[in-house]
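Asker: Before anything else, here's the structure in question.
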Amino acid sequence: MSKYLSGDKAYNFLLDRNVEHLESLFPRGRAKTATKERLPPSASDRDIVEQAWLRQSTIVTADIKDFRPAMVKFQRQQGRRPCGCLFGLIVLPNVYETQKRLLKNRLNDLQARLPSVDGTKPTWSRVHSRNYMVRVKKSGNPHVTKLGLCPDCDPDIETD
């Protein structure tokens, strides 16, 4: 088993190739790119989901079409040993200038604009521990959706 699964549970990010150029806008030491993780350019979404699971990372991408289904499928296939819970997904618009504008003050402004989920204001730590998807529209307005924990984990247990 990978050394990552037994590691720190603090939130961190894995940037897909289509958003790697934004690495400097993420908190220092909390972001890794697919390239730095030695994932090949031909890596499938499933490969990136698995690497994010191993690193306990929130995936950051501009590709919503494939990642959400890949995450659901991974959780179903992973099963119990070890737990298949994932750690969230952030989907940014696919236009470079819009991405830079939305993250100009790093993630602080975006986190401040996250809408409440079940009466609680999400933080990046909560996005990570509860496997939420944050989809940011071109306007800058984020939408938060619960992606769900693996079938064996109780969603009512407080993990942050």
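Going by the structure tokens order, chains are called A, B, ..., each with residues numbered from 1, while ligands are numbered from 1 in the order shown.
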Taking the DSSP assignment computed from this structure's backbone, write out as a list of chain:residue names all residues of region 54-106 of chain A that belong to strand (DSSP E or B).
Answerer: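 Residues meeting the strand (DSSP E or B) criterion: A:Thr58, A:Ile59, A:Val60, A:Thr61, A:Leu89, A:Ile90, A:Val91.
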Asker: Restricted to N, CA and C atoms, what would the selected residues look like written as an mmCIF file, in the first residue's frame?
Answerer:
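Writing the result to result36.cif gives the following:
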data_model
loop_
_atom_site.group_PDB
_atom_site.id
_atom_site.type_symbol
_atom_site.label_atom_id
_atom_site.label_comp_id
_atom_site.auth_asym_id
_atom_site.auth_seq_id
_atom_site.Cartn_x
_atom_site.Cartn_y
_atom_site.Cartn_z
ATOM 1 N N THR A 58 -7.756 16.735 -2.893
ATOM 2 C CA THR A 58 -8.888 17.265 -3.635
ATOM 3 C C THR A 58 -8.419 17.484 -5.076
ATOM 4 N N ILE A 59 -9.160 16.962 -6.041
ATOM 5 C CA ILE A 59 -8.803 17.127 -7.451
ATOM 6 C C ILE A 59 -9.255 18.512 -7.911
ATOM 7 N N VAL A 60 -8.384 19.186 -8.673
ATOM 8 C CA VAL A 60 -8.721 20.473 -9.285
ATOM 9 C C VAL A 60 -8.595 20.278 -10.793
ATOM 10 N N THR A 61 -9.642 20.627 -11.523
ATOM 11 C CA THR A 61 -9.662 20.412 -12.966
ATOM 12 C C THR A 61 -10.559 21.439 -13.647
ATOM 13 N N LEU A 89 -13.660 17.581 -5.223
ATOM 14 C CA LEU A 89 -13.406 17.958 -6.606
ATOM 15 C C LEU A 89 -13.700 19.441 -6.756
ATOM 16 N N ILE A 90 -12.773 20.176 -7.351
ATOM 17 C CA ILE A 90 -12.990 21.586 -7.681
ATOM 18 C C ILE A 90 -12.934 21.687 -9.195
ATOM 19 N N VAL A 91 -14.015 22.187 -9.792
ATOM 20 C CA VAL A 91 -14.093 22.330 -11.243
ATOM 21 C C VAL A 91 -14.104 23.819 -11.570
#
Asker: Mind checking DSSP for region 33-148 of chain A and telling me the helix (DSSP H, G or I) residues as a compact mmCIF listing (two decimals) with N, CA and C atoms, in the first residue's frame?
Answerer:
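And here's selection23.txt as it stands now:
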# COMPACT_ATOMS: atom_id res chain seq x y z
N ASP A 45 -8.69 9.71 -16.48
CA ASP A 45 -9.31 10.33 -15.31
C ASP A 45 -9.28 9.35 -14.13
N ARG A 46 -9.47 8.07 -14.42
CA ARG A 46 -9.41 7.04 -13.38
C ARG A 46 -8.03 7.02 -12.71
N ASP A 47 -6.96 7.17 -13.49
CA ASP A 47 -5.60 7.21 -12.94
C ASP A 47 -5.43 8.42 -12.02
N ILE A 48 -5.97 9.55 -12.43
CA ILE A 48 -5.85 10.76 -11.62
C ILE A 48 -6.68 10.63 -10.35
N VAL A 49 -7.88 10.05 -10.46
CA VAL A 49 -8.71 9.82 -9.28
C VAL A 49 -7.97 8.90 -8.30
N GLU A 50 -7.36 7.85 -8.81
CA GLU A 50 -6.63 6.93 -7.92
C GLU A 50 -5.45 7.63 -7.25
N GLN A 51 -4.72 8.44 -7.99
CA GLN A 51 -3.59 9.16 -7.39
C GLN A 51 -4.08 10.15 -6.34
N ALA A 52 -5.19 10.82 -6.61
CA ALA A 52 -5.76 11.73 -5.61
C ALA A 52 -6.18 10.96 -4.36
N TRP A 53 -6.73 9.79 -4.54
CA TRP A 53 -7.13 8.95 -3.40
C TRP A 53 -5.89 8.54 -2.61
N LEU A 54 -4.84 8.12 -3.30
CA LEU A 54 -3.61 7.72 -2.61
C LEU A 54 -3.00 8.88 -1.82
N ARG A 55 -3.04 10.08 -2.41
CA ARG A 55 -2.47 11.27 -1.77
C ARG A 55 -3.46 11.94 -0.82
N ILE A 64 -15.31 18.72 -16.12
CA ILE A 64 -16.34 18.12 -15.28
C ILE A 64 -16.93 16.86 -15.91
N LYS A 65 -16.89 16.79 -17.22
CA LYS A 65 -17.60 15.74 -17.94
C LYS A 65 -17.22 14.34 -17.48
N ASP A 66 -15.93 14.10 -17.29
CA ASP A 66 -15.48 12.75 -16.99
C ASP A 66 -15.13 12.50 -15.53
N PHE A 67 -14.73 13.52 -14.81
CA PHE A 67 -14.23 13.29 -13.45
C PHE A 67 -15.31 12.84 -12.48
N ARG A 68 -16.45 13.45 -12.52
CA ARG A 68 -17.48 13.05 -11.56
C ARG A 68 -17.87 11.58 -11.73
N PRO A 69 -18.17 11.11 -12.96
CA PRO A 69 -18.46 9.69 -13.11
C PRO A 69 -17.27 8.79 -12.73
N ALA A 70 -16.06 9.23 -13.03
CA ALA A 70 -14.87 8.43 -12.68
C ALA A 70 -14.75 8.30 -11.16
N MET A 71 -15.09 9.36 -10.43
CA MET A 71 -15.02 9.32 -8.97
C MET A 71 -16.08 8.37 -8.40
N VAL A 72 -17.29 8.45 -8.92
CA VAL A 72 -18.36 7.57 -8.45
C VAL A 72 -18.00 6.11 -8.71
N LYS A 73 -17.51 5.84 -9.90
CA LYS A 73 -17.13 4.47 -10.27
C LYS A 73 -15.99 3.97 -9.39
N PHE A 74 -15.01 4.82 -9.12
CA PHE A 74 -13.88 4.43 -8.28
C PHE A 74 -14.36 4.05 -6.88
N GLN A 75 -15.24 4.86 -6.31
CA GLN A 75 -15.72 4.57 -4.96
C GLN A 75 -16.48 3.25 -4.92
N ARG A 76 -17.27 2.97 -5.94
CA ARG A 76 -18.00 1.70 -5.98
C ARG A 76 -17.06 0.51 -6.12
N GLN A 77 -16.03 0.66 -6.95
CA GLN A 77 -15.12 -0.44 -7.20
C GLN A 77 -14.12 -0.65 -6.07
N GLN A 78 -13.73 0.43 -5.41
CA GLN A 78 -12.70 0.33 -4.37
C GLN A 78 -13.19 -0.50 -3.19
N TYR A 96 -8.41 30.10 -19.46
CA TYR A 96 -7.26 30.46 -18.64
C TYR A 96 -7.42 31.81 -17.95
N GLU A 97 -7.80 32.83 -18.66
CA GLU A 97 -7.92 34.17 -18.06
C GLU A 97 -9.00 34.20 -16.99
N THR A 98 -10.08 33.48 -17.20
CA THR A 98 -11.14 33.40 -16.19
C THR A 98 -10.63 32.68 -14.96
N GLN A 99 -9.88 31.60 -15.14
CA GLN A 99 -9.30 30.87 -14.00
C GLN A 99 -8.42 31.79 -13.17
N LYS A 100 -7.53 32.54 -13.83
CA LYS A 100 -6.63 33.45 -13.11
C LYS A 100 -7.41 34.54 -12.38
N ARG A 101 -8.44 35.07 -13.02
CA ARG A 101 -9.25 36.12 -12.38
C ARG A 101 -9.94 35.59 -11.14
N LEU A 102 -10.48 34.39 -11.23
CA LEU A 102 -11.21 33.81 -10.11
C LEU A 102 -10.31 33.46 -8.94
N ASN A 108 -8.63 32.10 -0.95
CA ASN A 108 -9.36 32.74 0.14
C ASN A 108 -10.69 33.35 -0.30
N ASP A 109 -10.66 34.11 -1.39
CA ASP A 109 -11.89 34.76 -1.86
C ASP A 109 -12.91 33.73 -2.32
N LEU A 110 -12.42 32.71 -3.01
CA LEU A 110 -13.34 31.67 -3.49
C LEU A 110 -13.97 30.94 -2.31
N GLN A 111 -13.20 30.62 -1.30
CA GLN A 111 -13.75 29.95 -0.12
C GLN A 111 -14.79 30.83 0.56
N ALA A 112 -14.55 32.13 0.62
CA ALA A 112 -15.50 33.04 1.26
C ALA A 112 -16.83 33.08 0.51
N TRP A 124 -12.14 24.71 2.80
CA TRP A 124 -11.44 23.73 1.96
C TRP A 124 -11.22 22.44 2.73
N SER A 125 -11.05 22.52 4.03
CA SER A 125 -10.90 21.33 4.85
C SER A 125 -12.18 20.49 4.81
N ARG A 126 -13.32 21.15 4.85
CA ARG A 126 -14.60 20.42 4.82
C ARG A 126 -14.88 19.86 3.42
N VAL A 127 -14.53 20.59 2.38
CA VAL A 127 -14.66 20.07 1.01
C VAL A 127 -13.87 18.77 0.92
N HIS A 128 -12.68 18.79 1.50
CA HIS A 128 -11.79 17.62 1.49
C HIS A 128 -12.35 16.47 2.31
N SER A 129 -12.79 16.72 3.52
CA SER A 129 -13.21 15.64 4.41
C SER A 129 -14.60 15.09 4.07
N ARG A 130 -15.43 15.88 3.39
CA ARG A 130 -16.79 15.45 3.07
C ARG A 130 -16.99 15.10 1.60
Asker: So how far away is CA of Leu86 (chain A) from CA of Arg30 (chain A), in Å?
Answerer: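 Those two atoms sit 16.6 Å apart.
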Asker: Could you check which of A:Leu107, A:Leu39, A:Val117, A:Cys83 is closest to Phe13 (chain A), using only C-alpha atoms?
Answerer: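 Among A:Leu107, A:Leu39, A:Val117, A:Cys83, it is A:Leu107 that comes nearest to Phe13 (chain A).
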Asker: Report, in Å to a single decimal, how far apart CA of Gly140 (chain A) and CA of Pro93 (chain A) are.
Answerer: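 So the answer is 9.0 Å.
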Asker: Counting only C-alpha atoms, figure out which residue out of A:Gly84, A:Leu103, A:Val95, A:Cys150 gets nearest to Pro27 (chain A).
Answerer: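 So, comparing all the options, the nearest one is A:Leu103.
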Asker: In Å, with one decimal, what is the gap from CA of Ser42 (chain A) to CA of Gly148 (chain A)?
Answerer: 27.7 Å
